[in-house]
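Participant: One structure is given below, represented as structure tokens, and several questions about it will come after.
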Amino acid sequence: MEYNFNEIEHKWQQLWMKDGTYTVSNNSDKPKYYVLDMFPYPSGAGLHVGHPLGYIASDIFARYKRLKGFNVLHPMGYDAFGLPAEQYAIENGIHPAVSTDKNIATFRKQLDNIGFCFDWTREVRTSDPHYYKWTQWIFLQLFNSWLNRQTQKATPIQELVTIFEKEGNKNQPFPNEKFRISNLVPMTIGDPIFTAEDWAAFDATTRQAILMEYRLAYCGYGEVNWCEALGTVLANDEVVNGVSERGGHPVVKKKLRQWYLRITEYADRLLKGLQEVDFSEAMKEMQTNWIGKSSGAEIQFTIDHSPLTLTVYTTRPDTIMGVDFMVIAPELDLVDQIKTPEQAKAVDEYIAYVKSRSERERMSEKKISGVFTGAYAVNPFDGRLIPIWISEYVLAGYGTGAIMAVPCGDERDFKFAKHFNIPITNIIGTHFNGEEANATKDAVLENSGFLNGIPMREAMELVIQTIEEKGIGKRKVNYKMRDAAFSRQRYWGEPFPIQWKNGTAYALDAATLPLELPEVDSYKPGPEGEGPLANIPEWVARELETNTMPGYAGSSWYFLRYMDPHNNTEFASRPATDYWNQVDLYIGGTEHAVGHLLYSRLWTKALHDLGYLSFDEPFKRLVNQGMIQGSSRFVYRINGTNTFVSHGLITDETSFDGKTLDKIHVDVNFVDGTELDIDSFKKWKNNEFANAEFIFEDGKYYCGTEVEKMSKTKFNTVNPDDLVNKYGADTFRMYEMFLGPVEMSKPWDTKGIEGVHRFLKKLWRLFYKDVAPGTELQAQAVWTNDTPTPAELKILHKAIRKIEEDNERFSFNTGVSAFMILVNELTDLKSHKKQVLESLLIMISSYAPHIAEELWQALGNTSSVLDAAFPVFNEVYIKESEKEYPISVNGKMRTTMTLSLEATQPEVEQLVLASEVVQKWLDGKPPKKIIYVKNKMVNIVV
RNA sequence: GCCCUGGUGGUGGAAUUGGUAGACACGCAGGACUUAAAAUCCUGUGGGCAGCAAUGUCCGUGCGGGUUCAAGUCCCGCCUGGGGCACCA
């Protein structure tokens with residue numbers, strides 16, 4: 001009988017759905033296990049072979065855990081708000097909800113094809129009002145809380161009001177000086193402290209403005225990419241080289257009112273939490289670097305001939321006597337106040353240039369640029385005048401937006417000084433060679449006035465103490481991380497449950513949620529950079545917030561909703577969150593390393609603090625899946641002609657025979673390896689290339705290749721549906737795993753899937769023989785009830801151990817190969833023992849569930865293989881008494897010898913030295929030393 | 001630019017704790033079965049040199065150094081592909 005995968009897979013998918021095989025209960029005696037995938041954004045392009053990589057891995061693991069006796073939660077849903085649907089709406093007038101629903105239907109169909117064990121009764125969609133009702137509700141929790149610095153916990157803001165009434169804010173200082181709504185709060189510099197009496201005297205507006213400075217979700221002003229020509233705010237993605245991607249219009253920075261999450265208040269807890277989670281070291285490092293905790297000092301410098309001061313943040317206060325110039329961020333207001341008339345023109349021109357630059361460009365620019373403001377700061381210790389420059393490499397958002405530059409100790413400062421011929425003071429003696437900066441902390445200070453002769457590490461402390469005593473600075477812990485911008489001037493996102501009254505934001509009553517997205521006539525931006533909601537008169541009349549929430553709002557807590565997805569009175573019931581608790585295993589790409597993962601951790605901590613959750617880290621173990629890249633194919637057309645040159649004939653990709661070449665992506669689906677299918681190419685894109693002519697090599701046209709992101713515009717996507725149709729879901733699942741380690745990125749190549757398909761057919765033949773059609777089913781079955789031999793049990797148990805180990809360490813590629821070895825060995829032994837085959841089927845059911853279930857039931861089992869118990873490894877069957885050891889001479893393997901595992905050092909030495917090969921390599925010389933590592937190797941040192 | 005990560009045969013990859021480099025596949029070559037094809041099966045397959053052969057021998061894990069009895073694995077310095085860098089998700 002033939003392996004008819006299409007029929008088998010449809011049959012079982014329908015039966016499993018009918019029986020609710022994947023429905024998971026919140027009540028179970030079994031231990032729980034929560035396996036979670038990062039849910040997808042349902043793009044219009046549908047699923048490509050890259051998407052399911054992580055899903056298949058998690059699916060295998062979820063099924064494996066089920067076989068191991070766990071109650072496994074393995075849900076799926078959609079991150080359904082987002083920019084592409086809105087852009088599509090602008091271009092085609094289709095409501096994003098409509099296109100999103102359509103895309104989701106496509107995704108669902110594609111996912112179903114692959115045979116995942118998702119519990120679809122728990123599906124969530126972030127754009128569903130039943131879902132975002134709770135996103136809004138959580139937002140209000142954040143809006144109505146602040147982080148109490150004494151307890152380090154999110155606390156209802158009402159308690160803060162009580163504290164202010166009693167003692168003012170002396171014990172609860174303003175958390176953040178960067179996003180002050182300065183017009184509303186009278187204090188603007190330093191640590192503004194007010195008393196209980198002050199508080200009592202403030203009017204309601206001032207009080208609300210002050211509370212806003214504390215809220216975990218707060219409103220402030222921030223810069224956005226503003227494109228005047230399009231009248232809209234652009235994502236970083238949409239800005240290329242300072243102009244809009246669409247249309248190439250100029251883009252400048254513009255300050256707009258924005259919502260923020262005060263994630264900086266959680267910086268320390270987010271750092272500390274990393275110690276208790278099982279993430280890769282790389283992931284922890286990335287998050288740690290992103291948070292960017294540093295300690296140093298804030299130092300105020302007076303400005304010569306000016307009442308103003310310049311505050312810099314430095315991690316190296318010990319180098320204060322080596323400061324040769326200051327650099328401040330061009331966008332600081334201070335620049336305008338201190339620039340001298342002579343320098344004003346140059347300064348203004350430079351600011352205009354910087355305004356057109358993205359932060360990314362500013363940071364990666366190698367070319368040194370900057371302008372002297374004409375002003376000088378005064379070194380508080382020796383009165384030396386220090387020129388103040390502006391340069392794009394200093395960003396306003398980090399520290400105070402100003403640095404003291406010490407060229408002998410900092411590479412960037414050094415290059416800047418060299419470029420502008422600024423004299424360099426050497427404070428580290430011989431540690432500085434004049435050729436490059438030396439960031440050492442081990443030097444003894446020279447040329448440093450009161451610090452002369454003091455080692456740098458000691459000087460740091462001394463300088464901090466001194467500036468604190470003099471009242472010109474203070475010790476300061478700083479974070480590179482900034483508060484998270486939490487609003488978008490867009491339509492397709494969650495509306496904020498916020499009403500503005502006379503410039504003050506008030507929370508809507510939670511009982512009125514959800515605040516649903518209104519219908520709009522057009523998805524075009526509103527006036528003055530506001531979002532589309534600002535175009536709706538009724539919305540504006542109700543004084544509702546016109547911003548919407550960003551993409552990561554809904555994804556910051558979706559893992560909680562899966563636990564209790566239909567709850568209408570809470571985001572999830574406490575018994576449900578207590579039962580499912582943390583996500584035991586979370587799988588997704590590293591591209592979410594610092595965004596989504598940090599925000600989810602923040603939301604979880606806040607909800608925990610406010611008493612809604614028993615845990616404060618959402619994800620216990622995180623596995624990062626690599627990205628499947630596309631392998632693009634190119635054809636090369638001689639510019640201005642219809643002639644295409646085969647890749648092997650050109651030496652560089654831009655020209656051929658003195659003529660310019662156009663490098664054009666072609667659809668990988670009609671290229672075999674690198675050989676172009678000419679007929680398909682000619683018919684492609686409505687016969688666009690019907691008249692193409694070719695310069696062949698060996699009668700064939702070969703394409704160029706490049707590894708790029710998989711994307712429709714590059715014509716390098718491969719649709720899983722096609723592969724499932726041709727080879728079946730089980731083959732597809734196993735092949736995706738067989739490609740390589742889940743964590744690693746790799747280009748997709750369909751070649752090779754045949755091998756996995758052949759393997760499944762070979763598995764099938766362990767049960768049924770190929771015979772003429774029409775033969776009785778019984779006559780085709782080849783399995784027997786005989787007792788397995790020791791040899792059969794040995795290969796089986798070796799496989800059990802290997803596969804269990806591979807599953808646990810997420811090494812599914814070697815898992816697949818272990819199945820191949822097992823099937824190869826059983827085939828070689830002509831072994832068809834039911835007892836062995838059943839164990840094999842149970843193990844392989846998590847990789848290839850359909851074929852496993854089919855054969856399992858063919859063997860006479862009446863319950864599903866999905867609920868069987870994973871076979872138990874027994875060492876007895878694989879015990880060895882001897883081993884073939886590699887014998888090395890001077891570390892080079894020369895021969896092998898089979899030795900008893902019981903052998904002792906003297907025995908081994910004697911046996912090994914007796915070997916002819918060893919004698920030959922010894923060449924008469926006596927061995928210096930014989931290294932024998934039991935069960936590993938023997939090495940003879942001569 | 002900064003942070004993270006990868007680089008092993010013609011290809012995807014294996015080598016889990018420093019201990020037989022190339023498991024398992026793809027591809028390729030040769031063979032069996034077949035009128036033929038498909039399917040299936042068998043054999044070989046890192047490179048060089050020597051040999052009819054069995055085999056022997058040298059080289060070999062991006063490049064250059066180092067540690068070690070022993071390095072794909074550890075250390076130092078480079079080259080290079082990928083991801084992220086705060087409004088793509």
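In the structure tokens, each chain is lettered A, B, ... as it comes, each chain's residues begin at 1, and ligands are numbered from 1 in order of appearance.
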Which residues of chain A are close to chain B, meaning at most 6 Å apart when you count only C-alpha atoms (C1' of nucleotides), and how do they look as a VMD selection string?
Facilitator: chain A and resid 235 363 to 364 739 752 817 886 891 936 to 937 941
Participant: Please dump the current selection as an mmCIF file, in the first residue's frame; keep N, CA, C and O atoms.
Facilitator:
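What ended up in selection10.cif:
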data_model
loop_
_atom_site.group_PDB
_atom_site.id
_atom_site.type_symbol
_atom_site.label_atom_id
_atom_site.label_comp_id
_atom_site.auth_asym_id
_atom_site.auth_seq_id
_atom_site.Cartn_x
_atom_site.Cartn_y
_atom_site.Cartn_z
ATOM 1 N N ALA A 235 7.179 56.622 10.054
ATOM 2 C CA ALA A 235 7.973 55.656 10.809
ATOM 3 C C ALA A 235 9.419 55.739 10.318
ATOM 4 O O ALA A 235 9.669 56.169 9.198
ATOM 5 N N MET A 363 24.273 58.582 14.447
ATOM 6 C CA MET A 363 25.138 57.692 15.226
ATOM 7 C C MET A 363 26.143 56.960 14.365
ATOM 8 O O MET A 363 27.243 56.649 14.797
ATOM 9 N N SER A 364 25.742 56.634 13.119
ATOM 10 C CA SER A 364 26.657 55.825 12.310
ATOM 11 C C SER A 364 27.557 56.673 11.419
ATOM 12 O O SER A 364 28.387 56.130 10.710
ATOM 13 N N LEU A 739 16.457 21.334 8.329
ATOM 14 C CA LEU A 739 17.315 22.352 7.711
ATOM 15 C C LEU A 739 18.498 22.759 8.574
ATOM 16 O O LEU A 739 19.529 23.188 8.073
ATOM 17 N N GLY A 752 16.237 19.137 -1.282
ATOM 18 C CA GLY A 752 16.531 18.422 -0.060
ATOM 19 C C GLY A 752 15.270 17.922 0.602
ATOM 20 O O GLY A 752 15.307 16.985 1.388
ATOM 21 N N SER A 817 17.332 13.431 12.332
ATOM 22 C CA SER A 817 18.348 12.495 11.844
ATOM 23 C C SER A 817 18.382 11.240 12.714
ATOM 24 O O SER A 817 18.645 10.150 12.211
ATOM 25 N N PRO A 886 40.065 5.675 19.955
ATOM 26 C CA PRO A 886 41.038 6.270 19.045
ATOM 27 C C PRO A 886 42.392 6.319 19.757
ATOM 28 O O PRO A 886 42.483 6.704 20.919
ATOM 29 N N GLY A 891 48.937 13.509 19.763
ATOM 30 C CA GLY A 891 47.694 14.215 19.449
ATOM 31 C C GLY A 891 47.141 13.919 18.076
ATOM 32 O O GLY A 891 46.080 14.406 17.730
ATOM 33 N N LYS A 936 36.959 7.722 26.333
ATOM 34 C CA LYS A 936 37.189 8.812 25.376
ATOM 35 C C LYS A 936 38.295 8.453 24.381
ATOM 36 O O LYS A 936 38.024 8.241 23.205
ATOM 37 N N MET A 937 39.545 8.419 24.868
ATOM 38 C CA MET A 937 40.657 8.253 23.944
ATOM 39 C C MET A 937 41.946 7.893 24.683
ATOM 40 O O MET A 937 42.024 7.907 25.896
ATOM 41 N N VAL A 941 52.404 10.443 24.204
ATOM 42 C CA VAL A 941 53.269 11.601 23.978
ATOM 43 C C VAL A 941 54.705 11.116 23.832
ATOM 44 O O VAL A 941 55.208 10.392 24.687
#
Participant: Need the shell around Gly626 of chain A: protein/DNA/RNA residues with any atom at most 6 Å away, counting only C-alpha atoms (C1' of nucleotides). Skip same-chain ones fewer than 6 positions apart. Format as a PyMOL selection string?
Facilitator: chain A and resi 743-745
Participant: Take the residues from that selection and write them out as an mmCIF file, in the first residue's frame, keeping N, CA and C atoms.
Facilitator:
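Once everything was written out, this is selection_8.cif:
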data_model
loop_
_atom_site.group_PDB
_atom_site.id
_atom_site.type_symbol
_atom_site.label_atom_id
_atom_site.label_comp_id
_atom_site.auth_asym_id
_atom_site.auth_seq_id
_atom_site.Cartn_x
_atom_site.Cartn_y
_atom_site.Cartn_z
ATOM 1 N N GLU A 743 17.659 27.888 16.153
ATOM 2 C CA GLU A 743 18.149 29.220 16.535
ATOM 3 C C GLU A 743 18.907 29.916 15.418
ATOM 4 N N MET A 744 19.315 29.159 14.412
ATOM 5 C CA MET A 744 20.203 29.719 13.410
ATOM 6 C C MET A 744 19.439 30.250 12.203
ATOM 7 N N SER A 745 19.915 31.349 11.670
ATOM 8 C CA SER A 745 19.343 31.869 10.433
ATOM 9 C C SER A 745 19.937 31.115 9.257
#
Participant: What does the structure give for the distance between atom CA of Ala267 of chain A and atom CA of Leu560 of chain A, in Å to one decimal?
Facilitator: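 Atom CA of Leu560 of chain A lies 22.5 Å from atom CA of Ala267 of chain A.
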Participant: Could you name the residues that touch Ile390 of chain A at 10 Å or less, counting only C-alpha atoms (C1' of nucleotides), but leaving out those on the same chain fewer than 6 positions away, as a compact mmCIF listing (two decimals) with C-alpha atoms, in the first residue's frame?
Facilitator:
# COMPACT_ATOMS: atom_id res chain seq x y z
CA MET A 326 32.40 70.57 25.34
CA VAL A 327 29.98 69.08 22.86
CA ILE A 328 26.27 69.62 23.23
CA ALA A 329 23.41 68.24 21.19
CA PRO A 330 22.51 70.76 18.47
CA GLU A 331 18.80 70.57 19.29
CA LEU A 332 19.19 71.77 22.89
CA VAL A 335 22.46 76.45 21.90
CA VAL A 347 25.34 77.31 14.14
CA TYR A 350 24.38 73.22 11.23
CA ILE A 351 21.16 72.86 13.24
CA SER A 369 31.19 67.43 11.75
CA GLY A 370 30.41 70.16 14.24
CA VAL A 371 30.37 73.88 14.81
CA PHE A 372 31.83 76.08 17.51
CA THR A 373 29.13 78.09 19.31
CA ALA A 402 25.98 67.44 26.68
Participant: Name the closest residue to Ala62 of chain A among the candidates A:Lys476, A:Lys32, A:Lys293, A:Lys709; distances are taken between atoms, counting only C-alpha atoms.
Facilitator: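 Ranked by minimum distance to Ala62 of chain A, first place goes to A:Lys32.
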Participant: Applying 9 Å and only C-alpha atoms (C1' of nucleotides), which residues near Phe656 of chain A remain after dropping the ones on its own chain fewer than 6 positions away? List them as a VMD selection string.
Facilitator: chain A and resid 638 645 649 to 650
Participant: Find the residues around G72 of chain B up to 10 Å (only C-alpha atoms (C1' of nucleotides) counted), leave out those fewer than 2 positions away in its own chain, and share them as a list in words.
Facilitator: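 Here the answer would be U8, A15, A21 and U61 of chain B.
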Participant: Assign secondary structure with DSSP using the backbone only, and return the residues of segment 659-889 of chain A in helix (DSSP H, G or I) as JSON, numbers by chain.
Facilitator: {"A": [668, 669, 670, 678, 679, 680, 681, 682, 683, 684, 685, 686, 687, 712, 713, 714, 720, 721, 722, 723, 724, 725, 726, 727, 729, 730, 731, 732, 733, 734, 735, 736, 737, 738, 753, 754, 755, 756, 757, 758, 759, 760, 761, 762, 763, 764, 765, 777, 778, 779, 780, 790, 791, 792, 793, 794, 795, 796, 797, 798, 799, 800, 801, 802, 803, 804, 805, 806, 807, 808, 812, 813, 814, 815, 816, 817, 818, 819, 820, 821, 822, 823, 824, 825, 826, 827, 828, 834, 835, 836, 837, 838, 839, 840, 841, 842, 843, 844, 849, 850, 851, 852, 853, 854, 855, 856, 857, 858, 865, 866, 867, 875, 876, 877, 878]}
Participant: Residues at most 9 Å from Glu706 of chain A, counting only C-alpha atoms (C1' of nucleotides), excluding those fewer than 4 positions away in the same chain, as a ChimeraX atom specification?
Facilitator: /A:630-634
Participant: Please produce an output containing all heavy atoms for each residue in the selection, written as a PDB file, in the first residue's frame.
Facilitator:
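This is the output file part16.pdb:
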ATOM      1  N   GLY A 630      15.564  34.581   2.358  1.00  0.00           N
ATOM      2  CA  GLY A 630      15.275  34.208   0.982  1.00  0.00           C
ATOM      3  C   GLY A 630      16.584  34.087   0.228  1.00  0.00           C
ATOM      4  O   GLY A 630      17.558  34.746   0.532  1.00  0.00           O
ATOM      5  N   SER A 631      16.596  33.179  -0.738  1.00  0.00           N
ATOM      6  CA  SER A 631      17.750  33.090  -1.618  1.00  0.00           C
ATOM      7  C   SER A 631      17.287  33.629  -2.959  1.00  0.00           C
ATOM      8  O   SER A 631      16.589  32.951  -3.693  1.00  0.00           O
ATOM      9  CB  SER A 631      18.191  31.632  -1.709  1.00  0.00           C
ATOM     10  OG  SER A 631      19.327  31.533  -2.499  1.00  0.00           O
ATOM     11  N   SER A 632      17.662  34.876  -3.226  1.00  0.00           N
ATOM     12  CA  SER A 632      17.134  35.543  -4.420  1.00  0.00           C
ATOM     13  C   SER A 632      17.891  35.122  -5.673  1.00  0.00           C
ATOM     14  O   SER A 632      19.041  34.717  -5.611  1.00  0.00           O
ATOM     15  CB  SER A 632      17.245  37.056  -4.266  1.00  0.00           C
ATOM     16  OG  SER A 632      16.615  37.473  -3.097  1.00  0.00           O
ATOM     17  N   ARG A 633      17.210  35.225  -6.811  1.00  0.00           N
ATOM     18  CA  ARG A 633      17.824  34.935  -8.111  1.00  0.00           C
ATOM     19  C   ARG A 633      17.719  36.174  -8.990  1.00  0.00           C
ATOM     20  O   ARG A 633      16.717  36.879  -8.960  1.00  0.00           O
ATOM     21  CB  ARG A 633      17.084  33.768  -8.786  1.00  0.00           C
ATOM     22  CG  ARG A 633      17.194  32.432  -8.027  1.00  0.00           C
ATOM     23  CD  ARG A 633      18.594  31.876  -8.075  1.00  0.00           C
ATOM     24  NE  ARG A 633      18.703  30.599  -7.374  1.00  0.00           N
ATOM     25  CZ  ARG A 633      18.960  30.464  -6.087  1.00  0.00           C
ATOM     26  NH1 ARG A 633      19.110  31.536  -5.335  1.00  0.00           N
ATOM     27  NH2 ARG A 633      19.060  29.281  -5.527  1.00  0.00           N
ATOM     28  N   PHE A 634      18.778  36.391  -9.763  1.00  0.00           N
ATOM     29  CA  PHE A 634      18.808  37.583 -10.612  1.00  0.00           C
ATOM     30  C   PHE A 634      19.086  37.228 -12.070  1.00  0.00           C
ATOM     31  O   PHE A 634      19.818  36.281 -12.356  1.00  0.00           O
ATOM     32  CB  PHE A 634      19.921  38.535 -10.158  1.00  0.00           C
ATOM     33  CG  PHE A 634      19.724  39.048  -8.756  1.00  0.00           C
ATOM     34  CD1 PHE A 634      20.266  38.366  -7.671  1.00  0.00           C
ATOM     35  CD2 PHE A 634      18.994  40.205  -8.520  1.00  0.00           C
ATOM     36  CE1 PHE A 634      20.086  38.835  -6.385  1.00  0.00           C
ATOM     37  CE2 PHE A 634      18.803  40.674  -7.235  1.00  0.00           C
ATOM     38  CZ  PHE A 634      19.351  39.989  -6.155  1.00  0.00           C
TER      39      PHE A 634
END
Participant: For Leu261 of chain A, find every residue with an atom within 6 Å (counting only C-alpha atoms (C1' of nucleotides)), except residues of its own chain fewer than 3 positions away, and show them as a ChimeraX atom specification.
Facilitator: /A:216-217,483-484
Participant: How would the residues just picked look written out with C-alpha atoms as a CSV table (one decimal), in the first residue's frame?
Facilitator:
chain,number,residue,atom,x,y,z
A,216,LEU,CA,3.6,55.2,34.6
A,217,ALA,CA,1.7,56.2,31.4
A,483,ASP,CA,10.9,56.2,28.2
A,484,ALA,CA,8.9,54.3,25.6
Participant: Using only C-alpha atoms (C1' of nucleotides), which of B:C78, B:U34, B:G18, B:G60 sits nearest G46 of chain B?
Facilitator: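 Ranked by minimum distance to G46 of chain B, first place goes to B:G60.
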Participant: Tell me which of B:C42, B:U80, B:G10, B:A71 sits closest to C28 of chain B, counting only C-alpha atoms (C1' of nucleotides).
Facilitator: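 When distances to C28 of chain B are compared using only C-alpha atoms (C1' of nucleotides), the smallest one comes from B:G10.
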